[in-house]
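Asker: My structure is below; once you've seen it, I'll send some questions.
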Amino acid sequence: MTVIARPEVTPAARWAFPQPTTSSLSNGLTVHTFDLPGQYVVALRLIVPLSVRSEPRESEGVASLMTRLLDEGTLEHDTEEFTELLERKGVAFGAGLSDGGLHVDVDAPASRLADALALMVAAIARPSFPAEQVRRLVRTRLAEIEQERASAPHRAARELAATFFHPDERAARPTAGSAETVSGLTREDVESFHATHVGPAGATLIVSGDLSGIDLDTLLAESFGSWTPGPRALPPEAEVPRRADDAVRIVLVDRPDSVQSEIVVAGPGPDRHVKPAWAPYPVLGFVMGGSPNARVDAVLREEKGYTYGMRSGFRPRRAGGMFVTSGSVRTEVTADALTILLEILASGDAGFTAKELADGVDFIVDTAPGRFATADAVAEEAAASILDGLPLDFTTTNLDRMRTLTTADLEAAYARYVTGEWTIVIVGDASAYADAIRALGQRVDVVPN
Amino acid sequence: MPGEWATYGVPMPLDYPIHERTLGNGLRVVISPDHSIPTVTVNLWVNVGSRHEVAGRTGFAHLFEHLMFQGSRSVASGEHFSALMARGARLNATTWFDRTNYFETVPVGVLDLALWLEADRHGYLLDAVNQTNLDNQRDVVKEEKRQRYDNVPYGNALRDIYATIFPEGHPYHHPTIGSMADLDAASVEDVHAFFATHYRPDNTVLTLVGDIDPEDGFARVERYFGQLPRTDGTSRANLGHLPPLTEPAREVVIGEVPNNRLHFAFRLPVEGDSDFLAADLALEALGGLSMSRLVRRLVRSEQVANSVQAHAMGFVDGVSLGLIVVDIATDADPEYVESALLEELTAFLDSGPTPEEMEAALAQSERAWLQALGSQEERADLISHHALLHGRPGYINDLLDDLSAVTAEDVTRVARTWLNPSARAVVAYLTLENVEAA
């Protein structure tokens with residue numbers, strides 16, 4: 001049996017993210033259209049700039065509640081009718097809040113585009129917020145808070161936000177609100193928040209899919225053209241949320257008898273507007289903790305067998321960001337795993353190799369054509385740029401910039417944010433490792449689950 | 001209306017190109033060109049899953065899949081991941097009851113490397129397997145089990161459902177992740193025997209979807225896989241069909257969960273049987289849609305449930321599984337919720353789905369199917385799926401036609417047979433507050 005030699009690889013050609021056709025409606029709505037042949041399901045993404053920092057302190061969660069109620073009925077159709085209209089037309093409807101705004105996500109077969117647009121604009125422009133569905137979704141949020149408390153990664157994320165950010169920052173508290181702020185919300189609160197903060201001016205609609213034979217201009221005029229701008233409060237300027245004065249510490253969230261410990265190690269990071277460039281940060285995430293062979297898992301997974309996998313990455317917000325490493329290890333090795341992890345994260349100080357740079361860049365750049373191949377993925381990427389206030393060629397210019405990076409760029413970028421001043425949260429059986437963690441010499445607080 | 005999507009702007013029937021060839025060693029190869037982006041998806045399905053595991057070795061098919069990344073004759077441990085990722089590949093593998101799949105999407109210039117790496121491990125894994133690799137991946141898999149099942153509220157609900165609705169000894173009685181004791185028992189000898197029995201070219205389908213012409217693709221696959229020896233061995237035929245349960249089964253688990261949750265499970269016809277599609281539509285109409293009668297009543301009207309989900313899981317070994325999962329609102333009584341659900345189920349069996357329910361269930365299935373096929377990766381996976389398990393590589397073009405041929409009468413007939421309340425298995429996960437009541 002002959003052994004066939006390992007084949008050579010030929011480099012991929014430069015690739016660019018598709019650029020849309022852009023237009024605007026007289027009500028101020030911007031429309032970006034990506035015509036993608038063969039993508040039979042059209043992705044519609046509506047983005048309305050909005051910030052949870054606009055919520056009154058005592059009604060935090062009202063923006064999320066409003067978002068979740070958009071498809072629960074309109075001025076023309078009650079809850080049951082509207083639900084049925086969506087589903088009989090093959091339309092999938094979703095909505096959510098991110099740091100940059102409200103997004104409404106609709107997917108529908110291209111032939112159903114007229115129906116999908118009509119239902120989408122009704123949901124965003126003329127929602128009725130039926131009182132009984134408001135009460136239901138308040139209760140659902142309260143149940144969700146308990147479900148998040150029971151899930152180690154969610155519980156860790158909540159504790160991280162509360163520990164990392166200054167208590168005066170909205171970012172320190174759950175986006176969808178806490179039990180105290182959500183319990184008393186009424187349909188009037190929701191309606192008033194919607195009337196004040198949601199409108200077409202400054203909003204953007206992304207249409208992505210196979211649009212052959214479709215007269216989109218007419219469909220848009222007949223649907224989103226009817227969305228009338230009202231008096232509307234613009235969201236506050238994006239600001240980097242301040243870190244808490246005592247953010248550098250270890251918090252143990254105690255869950256007796258837990259079989260694993262969820263470890264989160266976080267420090268500050270940049271947003272995607274950072275100068276000189278965002279490009280080094282995704283590469284650093286890949287090199288440190290973006291694959292089974294990255295620095296973290298090469299030791300904690302492949303050598304030690306402590307974890308199914310831990311991940312590192314820079315997580316940009318609209319302004320500012322975080323560098324987060326997280327994952328689960330079995331309870332017995334918690335202190336050892338944390339010690340090793342902190343050493344690995346500090347190893348960036350000693351530099352990065354040319355191979356690490358090349359592998360990371362090639363992974364991110366050369367996976368791009370496949371990552372952005374569907375109507376849905378193109379729309380999501382464009383929406384992410386818009387929510388972050390970035391131009392729609394950002395994806396391409398960032399990849400181009402990535403190809404020019406040097407190891408010195410990586411080192412400078414890492415050193416700029418990674419100073420070893422970590423906020424650390426561990427969710428698990430604290431009694432099994434609290435003493436060993438205290439021996440690391442940092443401030444340690446134990447809190448109940 | 002059934003068949004209404006024939007009027008859509010989509011070519012109907014769908015016309016994704018399908019080219020098929022079988023190599024001399026029995027490897028089935030399917031190629032579906034798509035030149036829209038300069039990448040190719042390589043997708044292999046091996047006809048082995050947890051259904052083939054023997055007593056005392058549950059979880060082994062999945063542990064074995066991990067070892068496929070730990071090196072082979074000409075590839076170092078971990079190199080499969082690192083060599084491909086460094087060249088712009090996204091890749092992984094998964095194990096399920098019925099099969100194990102391995103896949104990567106690569107830039108066209110990396111296709112040969114991907115095929116070479118796959119051929120090396122699918123042909124010559126055993127050259128590299130050793131106790132150290134096995135021990136390490138055993139630890140990793142045990143952490144995977146803790147992370148995904150043992151340390152998650154309701155994380156073992158599916159395990160309990162399989163054990164309740166499928167008889168002891170049936171291939172689907174135990175979950176793919178297996179048990180800690182059986183993972184501990186796995187040996188290097190087991191790895192050798194498992195590879196020899198199941199990892200055979202004639203037990204495998206390889207699909208390429210992407211920027212490649214069929215003849216070119218077949219030639220490249222032949223170059224790397226054609227030299228793999230045909231190996232002895234046959235896989236057993238699928239088991240005969242299990243009937244519905246004749247009386248309700250029940251398992252109650254009381255523990256640290258945030259809400260009471262009821263899982264209603266039903267045996268269903270096997271995947272590939274047109275009655276499976278009818279059962280799928282029945283579950284969708286009952287509880288899978290927002291407008292479905294269970295969501296309408298339990299979630300929106302009476303507000304005794306936070307959510308209702310329903311879906312069908314298709315299997316090939318003599319039975320499939322239908323599931324309705326109800327997450328119960330904090331103050332609601334699980335007994336009442338169960339009785340209300342059974343009332344709705346009984347009414348559905350009496351009168352069948354409404355035209356609106358049929359229309360919505362079909363429309364939602366159509367969108368989901370077209371959306372899945374819009375992705376090269378998912379298209380490749382669906383081609384391999386139907387080629388390996390059903391001998392129908394071109395089925396991606398036919399499913400919507402098969403679905404539109406299902407009538408409301410079919411749905412009613414199938415529901416009466418398989419979704420009868422007396423054929424249910426209920427797995428109840430209850431909060432600690434139920435301790436005294438139980």
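Going through the structure tokens in order, the chains are called A, B, and so on, while each chain numbers its residues from 1 and the ligands are numbered from 1 in the order shown.
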Could you give me, as a CSV table (one decimal) with all heavy atoms, in the first residue's frame, the residues within 9 Å of segment 138-140 of chain B, counting only C-alpha atoms and dropping anything in the same chain fewer than 2 positions from it?

Answerer:
chain,number,residue,atom,x,y,z
A,301,ARG,N,-7.4,21.1,28.3
A,301,ARG,CA,-8.2,20.0,27.7
A,301,ARG,C,-7.3,18.9,27.2
A,301,ARG,O,-7.4,17.8,27.7
A,301,ARG,CB,-9.0,20.6,26.5
A,301,ARG,CG,-9.8,19.5,25.8
A,301,ARG,CD,-10.6,20.0,24.6
A,301,ARG,NE,-10.7,19.0,23.6
A,301,ARG,CZ,-11.8,18.5,23.1
A,301,ARG,NH1,-13.0,19.0,23.5
A,301,ARG,NH2,-11.8,17.6,22.1
A,302,GLU,N,-6.4,19.2,26.3
A,302,GLU,CA,-5.6,18.2,25.6
A,302,GLU,C,-4.5,17.5,26.5
A,302,GLU,O,-4.2,16.4,26.3
A,302,GLU,CB,-5.1,18.7,24.3
A,302,GLU,CG,-6.1,19.1,23.3
A,302,GLU,CD,-7.0,17.9,22.9
A,302,GLU,OE1,-6.5,16.8,22.5
A,302,GLU,OE2,-8.3,18.0,23.0
A,304,LYS,N,-4.3,18.1,30.2
A,304,LYS,CA,-4.8,17.8,31.6
A,304,LYS,C,-6.1,17.0,31.6
A,304,LYS,O,-6.4,16.3,32.5
A,304,LYS,CB,-4.9,19.1,32.4
A,304,LYS,CG,-3.6,19.8,32.6
A,304,LYS,CD,-2.8,19.2,33.7
A,304,LYS,CE,-1.6,20.1,34.0
A,304,LYS,NZ,-0.7,19.4,35.0
A,305,GLY,N,-6.9,17.2,30.5
A,305,GLY,CA,-8.2,16.6,30.6
A,305,GLY,C,-9.1,17.2,31.7
A,305,GLY,O,-10.0,16.5,32.1
A,306,TYR,N,-8.9,18.4,32.0
A,306,TYR,CA,-9.7,19.1,33.1
A,306,TYR,C,-11.1,19.5,32.6
A,306,TYR,O,-12.0,19.8,33.4
A,306,TYR,CB,-9.0,20.3,33.6
A,306,TYR,CG,-7.9,20.0,34.6
A,306,TYR,CD1,-7.1,21.1,35.1
A,306,TYR,CD2,-7.6,18.7,35.0
A,306,TYR,CE1,-6.0,20.8,35.9
A,306,TYR,CE2,-6.5,18.5,35.8
A,306,TYR,CZ,-5.7,19.5,36.3
A,306,TYR,OH,-4.7,19.3,37.2
A,307,THR,N,-11.2,19.8,31.3
A,307,THR,CA,-12.4,20.5,30.7
A,307,THR,C,-12.8,20.0,29.4
A,307,THR,O,-11.9,19.4,28.6
A,307,THR,CB,-12.1,22.0,30.6
A,307,THR,OG1,-13.2,22.7,30.1
A,307,THR,CG2,-10.9,22.3,29.7
A,308,TYR,N,-14.0,20.1,29.0
A,308,TYR,CA,-14.5,19.8,27.7
A,308,TYR,C,-14.0,20.9,26.7
A,308,TYR,O,-13.9,20.7,25.5
A,308,TYR,CB,-16.0,19.8,27.7
A,308,TYR,CG,-16.7,19.5,26.3
A,308,TYR,CD1,-16.2,18.5,25.5
A,308,TYR,CD2,-17.8,20.2,26.0
A,308,TYR,CE1,-16.8,18.3,24.3
A,308,TYR,CE2,-18.4,20.0,24.8
A,308,TYR,CZ,-17.9,19.0,23.9
A,308,TYR,OH,-18.5,18.8,22.7
A,309,GLY,N,-13.7,22.1,27.3
A,309,GLY,CA,-13.2,23.2,26.5
A,309,GLY,C,-13.4,24.5,27.1
A,309,GLY,O,-14.5,24.7,27.7
B,63,LEU,N,-17.0,8.4,22.4
B,63,LEU,CA,-15.6,8.5,22.9
B,63,LEU,C,-14.7,8.2,21.7
B,63,LEU,O,-13.7,8.8,21.5
B,63,LEU,CB,-15.4,7.5,24.0
B,63,LEU,CG,-14.0,7.3,24.5
B,63,LEU,CD1,-13.4,8.6,25.0
B,63,LEU,CD2,-13.9,6.3,25.6
B,66,HIS,N,-14.1,11.1,19.5
B,66,HIS,CA,-13.1,12.0,20.0
B,66,HIS,C,-11.7,11.5,19.6
B,66,HIS,O,-10.8,12.3,19.2
B,66,HIS,CB,-13.2,12.1,21.5
B,66,HIS,CG,-14.1,13.1,22.0
B,66,HIS,ND1,-13.7,14.2,22.7
B,66,HIS,CD2,-15.5,13.2,21.8
B,66,HIS,CE1,-14.8,15.0,23.0
B,66,HIS,NE2,-15.9,14.4,22.5
B,133,ASN,N,-3.8,8.7,24.8
B,133,ASN,CA,-4.8,9.4,24.1
B,133,ASN,C,-6.2,9.0,24.6
B,133,ASN,O,-7.1,9.8,24.8
B,133,ASN,CB,-4.8,9.0,22.6
B,133,ASN,CG,-3.8,10.0,21.9
B,133,ASN,OD1,-3.5,11.1,22.4
B,133,ASN,ND2,-3.3,9.5,20.7
B,134,LEU,N,-6.4,7.7,24.8
B,134,LEU,CA,-7.7,7.2,25.3
B,134,LEU,C,-8.0,7.8,26.7
B,134,LEU,O,-9.1,8.3,26.9
B,134,LEU,CB,-7.7,5.7,25.4
B,134,LEU,CG,-8.9,5.0,25.9
B,134,LEU,CD1,-10.1,5.4,25.1
B,134,LEU,CD2,-8.8,3.5,26.1
B,135,ASP,N,-7.0,7.8,27.6
B,135,ASP,CA,-7.3,8.3,28.9
B,135,ASP,C,-7.6,9.8,28.9
B,135,ASP,O,-8.5,10.2,29.6
B,135,ASP,CB,-6.0,8.0,29.8
B,135,ASP,CG,-5.9,6.5,30.2
B,135,ASP,OD1,-6.8,5.8,30.0
B,135,ASP,OD2,-4.8,6.1,30.6
B,136,ASN,N,-6.8,10.5,28.1
B,136,ASN,CA,-7.1,12.0,28.0
B,136,ASN,C,-8.5,12.2,27.5
B,136,ASN,O,-9.2,13.0,28.1
B,136,ASN,CB,-6.0,12.6,27.1
B,136,ASN,CG,-6.4,14.0,26.7
B,136,ASN,OD1,-6.8,14.3,25.6
B,136,ASN,ND2,-6.3,15.0,27.7
B,142,LYS,N,-15.8,12.9,29.9
B,142,LYS,CA,-16.5,12.9,31.2
B,142,LYS,C,-16.8,14.4,31.6
B,142,LYS,O,-17.9,14.7,32.1
B,142,LYS,CB,-15.7,12.2,32.2
B,142,LYS,CG,-15.7,10.7,32.0
B,142,LYS,CD,-14.6,10.0,32.8
B,142,LYS,CE,-15.0,9.8,34.3
B,142,LYS,NZ,-13.9,8.9,34.9
B,143,GLU,N,-15.9,15.3,31.2
B,143,GLU,CA,-16.2,16.7,31.5
B,143,GLU,C,-17.4,17.2,30.5
B,143,GLU,O,-18.2,18.0,30.9
B,143,GLU,CB,-15.0,17.6,31.3
B,143,GLU,CG,-13.9,17.4,32.3
B,143,GLU,CD,-14.5,17.3,33.8
B,143,GLU,OE1,-15.2,18.2,34.2
B,143,GLU,OE2,-14.3,16.3,34.4
B,144,GLU,N,-17.4,16.7,29.3
B,144,GLU,CA,-18.5,17.0,28.4
B,144,GLU,C,-19.8,16.6,29.0
B,144,GLU,O,-20.8,17.3,29.0
B,144,GLU,CB,-18.3,16.4,27.0
B,144,GLU,CG,-19.4,16.7,26.1
B,144,GLU,CD,-19.2,16.1,24.7
B,144,GLU,OE1,-18.1,15.5,24.4
B,144,GLU,OE2,-20.0,16.3,23.8
B,145,LYS,N,-19.8,15.3,29.5
B,145,LYS,CA,-21.0,14.8,30.2
B,145,LYS,C,-21.5,15.7,31.3
B,145,LYS,O,-22.7,16.0,31.5
B,145,LYS,CB,-20.8,13.4,30.6
B,145,LYS,CG,-22.0,12.7,31.4
B,145,LYS,CD,-21.8,11.2,31.4
B,145,LYS,CE,-22.5,10.6,32.7
B,145,LYS,NZ,-23.9,10.9,32.8
B,183,LEU,N,-17.8,4.5,30.5
B,183,LEU,CA,-16.7,5.3,29.9
B,183,LEU,C,-15.4,4.8,30.6
B,183,LEU,O,-14.3,4.6,29.9
B,183,LEU,CB,-16.9,6.8,30.1
B,183,LEU,CG,-18.0,7.4,29.2
B,183,LEU,CD1,-18.3,8.8,29.7
B,183,LEU,CD2,-17.6,7.4,27.8
B,184,ASP,N,-15.4,4.6,31.9
B,184,ASP,CA,-14.2,4.1,32.6
B,184,ASP,C,-13.8,2.8,32.1
B,184,ASP,O,-12.6,2.5,32.2
B,184,ASP,CB,-14.5,4.1,34.1
B,184,ASP,CG,-14.4,5.4,34.8
B,184,ASP,OD1,-13.7,6.3,34.3
B,184,ASP,OD2,-15.1,5.6,35.8
B,186,ALA,N,-13.9,1.5,29.1
B,186,ALA,CA,-13.4,1.4,27.7
B,186,ALA,C,-11.9,1.2,27.6
B,186,ALA,O,-11.1,1.8,28.3
B,186,ALA,CB,-13.8,2.7,27.0

Asker: Can you work out the spacing between atom CA of Tyr16 of chain B and atom CA of Pro33 of chain B in Å, to one decimal?

Answerer: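 So the two atoms, atom CA of Tyr16 of chain B and atom CA of Pro33 of chain B, lie 8.3 Å apart.
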
Asker: Could you go through segment 271-317 of chain A and tell me which residues DSSP, when run on the backbone, assigns to alpha helix (DSSP H), listing them as a PDB file with C-alpha atoms, in the first residue's frame?

Answerer:
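File written: part_25.pdb
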ATOM      1  CA  PRO A 280      -5.565  42.030  16.202  1.00  0.00           C
ATOM      2  CA  TYR A 281      -8.244  41.228  18.781  1.00  0.00           C
ATOM      3  CA  PRO A 282     -10.097  38.381  17.048  1.00  0.00           C
ATOM      4  CA  VAL A 283      -6.696  36.860  16.227  1.00  0.00           C
ATOM      5  CA  LEU A 284      -5.646  37.091  19.871  1.00  0.00           C
ATOM      6  CA  GLY A 285      -8.878  35.422  20.934  1.00  0.00           C
ATOM      7  CA  PHE A 286      -8.180  32.562  18.516  1.00  0.00           C
ATOM      8  CA  VAL A 287      -4.568  32.155  19.636  1.00  0.00           C
ATOM      9  CA  MET A 288      -5.354  32.221  23.339  1.00  0.00           C
ATOM     10  CA  GLY A 289      -8.588  30.284  23.430  1.00  0.00           C
ATOM     11  CA  ARG A 295      -2.940  28.015  24.394  1.00  0.00           C
ATOM     12  CA  VAL A 296      -5.703  27.451  26.953  1.00  0.00           C
ATOM     13  CA  ASP A 297      -7.125  24.145  25.697  1.00  0.00           C
ATOM     14  CA  ALA A 298      -3.776  22.745  24.620  1.00  0.00           C
ATOM     15  CA  VAL A 299      -3.082  22.469  28.346  1.00  0.00           C
ATOM     16  CA  LEU A 300      -6.413  22.366  30.167  1.00  0.00           C
TER      17      LEU A 300
END

Asker: Would you return as a PDB file with all heavy atoms, in the first residue's frame the members of segment 170-248 of chain B that DSSP assigns to strand (DSSP E or B) on this structure's backbone?

Answerer:
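Final file, selection20.pdb:
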ATOM      1  N   THR B 204     -19.831   3.746   4.864  1.00  0.00           N
ATOM      2  CA  THR B 204     -19.594   5.184   4.967  1.00  0.00           C
ATOM      3  C   THR B 204     -20.070   5.891   3.697  1.00  0.00           C
ATOM      4  O   THR B 204     -19.965   5.335   2.600  1.00  0.00           O
ATOM      5  CB  THR B 204     -18.078   5.448   5.150  1.00  0.00           C
ATOM      6  OG1 THR B 204     -17.619   4.744   6.300  1.00  0.00           O
ATOM      7  CG2 THR B 204     -17.769   6.924   5.297  1.00  0.00           C
ATOM      8  N   VAL B 205     -20.581   7.104   3.870  1.00  0.00           N
ATOM      9  CA  VAL B 205     -20.916   7.976   2.734  1.00  0.00           C
ATOM     10  C   VAL B 205     -20.071   9.234   2.846  1.00  0.00           C
ATOM     11  O   VAL B 205     -19.933   9.808   3.935  1.00  0.00           O
ATOM     12  CB  VAL B 205     -22.414   8.350   2.745  1.00  0.00           C
ATOM     13  CG1 VAL B 205     -22.689   9.525   1.805  1.00  0.00           C
ATOM     14  CG2 VAL B 205     -23.274   7.156   2.367  1.00  0.00           C
ATOM     15  N   LEU B 206     -19.487   9.666   1.721  1.00  0.00           N
ATOM     16  CA  LEU B 206     -18.725  10.914   1.693  1.00  0.00           C
ATOM     17  C   LEU B 206     -19.411  11.860   0.715  1.00  0.00           C
ATOM     18  O   LEU B 206     -19.641  11.513  -0.448  1.00  0.00           O
ATOM     19  CB  LEU B 206     -17.284  10.651   1.256  1.00  0.00           C
ATOM     20  CG  LEU B 206     -16.297  11.823   1.341  1.00  0.00           C
ATOM     21  CD1 LEU B 206     -14.858  11.291   1.366  1.00  0.00           C
ATOM     22  CD2 LEU B 206     -16.426  12.814   0.192  1.00  0.00           C
ATOM     23  N   THR B 207     -19.765  13.046   1.183  1.00  0.00           N
ATOM     24  CA  THR B 207     -20.439  14.032   0.331  1.00  0.00           C
ATOM     25  C   THR B 207     -19.570  15.283   0.200  1.00  0.00           C
ATOM     26  O   THR B 207     -18.975  15.735   1.180  1.00  0.00           O
ATOM     27  CB  THR B 207     -21.795  14.430   0.955  1.00  0.00           C
ATOM     28  OG1 THR B 207     -22.617  13.268   1.045  1.00  0.00           O
ATOM     29  CG2 THR B 207     -22.505  15.484   0.105  1.00  0.00           C
ATOM     30  N   LEU B 208     -19.492  15.797  -1.032  1.00  0.00           N
ATOM     31  CA  LEU B 208     -18.862  17.092  -1.268  1.00  0.00           C
ATOM     32  C   LEU B 208     -19.930  18.047  -1.780  1.00  0.00           C
ATOM     33  O   LEU B 208     -20.647  17.729  -2.736  1.00  0.00           O
ATOM     34  CB  LEU B 208     -17.756  17.001  -2.331  1.00  0.00           C
ATOM     35  CG  LEU B 208     -16.581  16.063  -2.085  1.00  0.00           C
ATOM     36  CD1 LEU B 208     -15.587  16.139  -3.256  1.00  0.00           C
ATOM     37  CD2 LEU B 208     -15.873  16.415  -0.778  1.00  0.00           C
ATOM     38  N   VAL B 209     -20.037  19.202  -1.143  1.00  0.00           N
ATOM     39  CA  VAL B 209     -20.922  20.253  -1.651  1.00  0.00           C
ATOM     40  C   VAL B 209     -20.100  21.527  -1.768  1.00  0.00           C
ATOM     41  O   VAL B 209     -19.418  21.916  -0.808  1.00  0.00           O
ATOM     42  CB  VAL B 209     -22.121  20.500  -0.717  1.00  0.00           C
ATOM     43  CG1 VAL B 209     -22.909  21.736  -1.172  1.00  0.00           C
ATOM     44  CG2 VAL B 209     -23.039  19.290  -0.680  1.00  0.00           C
ATOM     45  N   GLY B 210     -20.134  22.154  -2.947  1.00  0.00           N
ATOM     46  CA  GLY B 210     -19.436  23.424  -3.061  1.00  0.00           C
ATOM     47  C   GLY B 210     -18.797  23.621  -4.419  1.00  0.00           C
ATOM     48  O   GLY B 210     -19.267  23.068  -5.424  1.00  0.00           O
TER      49      GLY B 210
END

Asker: Can you pull out every residue within 9 Å of Thr74 of chain A, counting only C-alpha atoms, but drop anything in the same chain fewer than 5 positions away, and send it as a ChimeraX atom specification?

Answerer: /A:79,82,122-130

Asker: For the atom pair atom CA of Ser82 of chain B and atom CA of Leu44 of chain B, what is the interatomic distance in Å to one decimal place?

Answerer: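 Computing it gives 19.2 Å between the two atoms.
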
Asker: For a quick check of understanding, using only C-alpha atoms, which of B:Ser404, B:Asn151, B:Asn101, B:Ser50 has the smallest distance to chain A?

Answerer: B:Asn151

Asker: Need the shell around Val29 of chain B: protein/DNA/RNA residues with any atom at most 12 Å away, counting only C-alpha atoms. Skip same-chain ones fewer than 6 positions apart. Format as a PyMOL selection string?

Answerer: chain B and resi 18-23+42-45+201-209+214-215+217-222+225-226+380+383-384+387-388+391+393

Asker: For segment 160-170 of chain A, list every protein, DNA or RNA residue within 7 Å, evaluated using only C-alpha atoms, and leave out those in the same chain fewer than 2 positions away; present the list as a PyMOL selection string.

Answerer: chain A and resi 53+156-158+172-173+241-245+247+423+425

Asker: When you count only C-alpha atoms, which of these residues is closest to chain A: B:Trp418, B:Tyr154, B:Phe276, B:Tyr172?

Answerer: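 Among the listed residues, B:Tyr154 lies closest to chain A.
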
Asker: Please list as a list in words every residue within 9 Å of segment 18-24 of chain A, counting only C-alpha atoms and excluding residues in the same chain fewer than 3 positions away.

Answerer: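 In the requested form, the answer reads Asn27, Gly28, Leu29, Thr30, Val31, His32, Thr33, Phe34, Asp35, Thr204, Ile206, Ser208, Phe372, Val378, Leu392, Asp393 and Thr396 of chain A.
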
Asker: Give me, as a PyMOL selection string, all polymer residues having an atom no more than 7 Å from Ala375 of chain A, counting only C-alpha atoms and skipping those fewer than 3 positions away in the same chain.

Answerer: chain A and resi 36+39+42-43+208-209+378-379
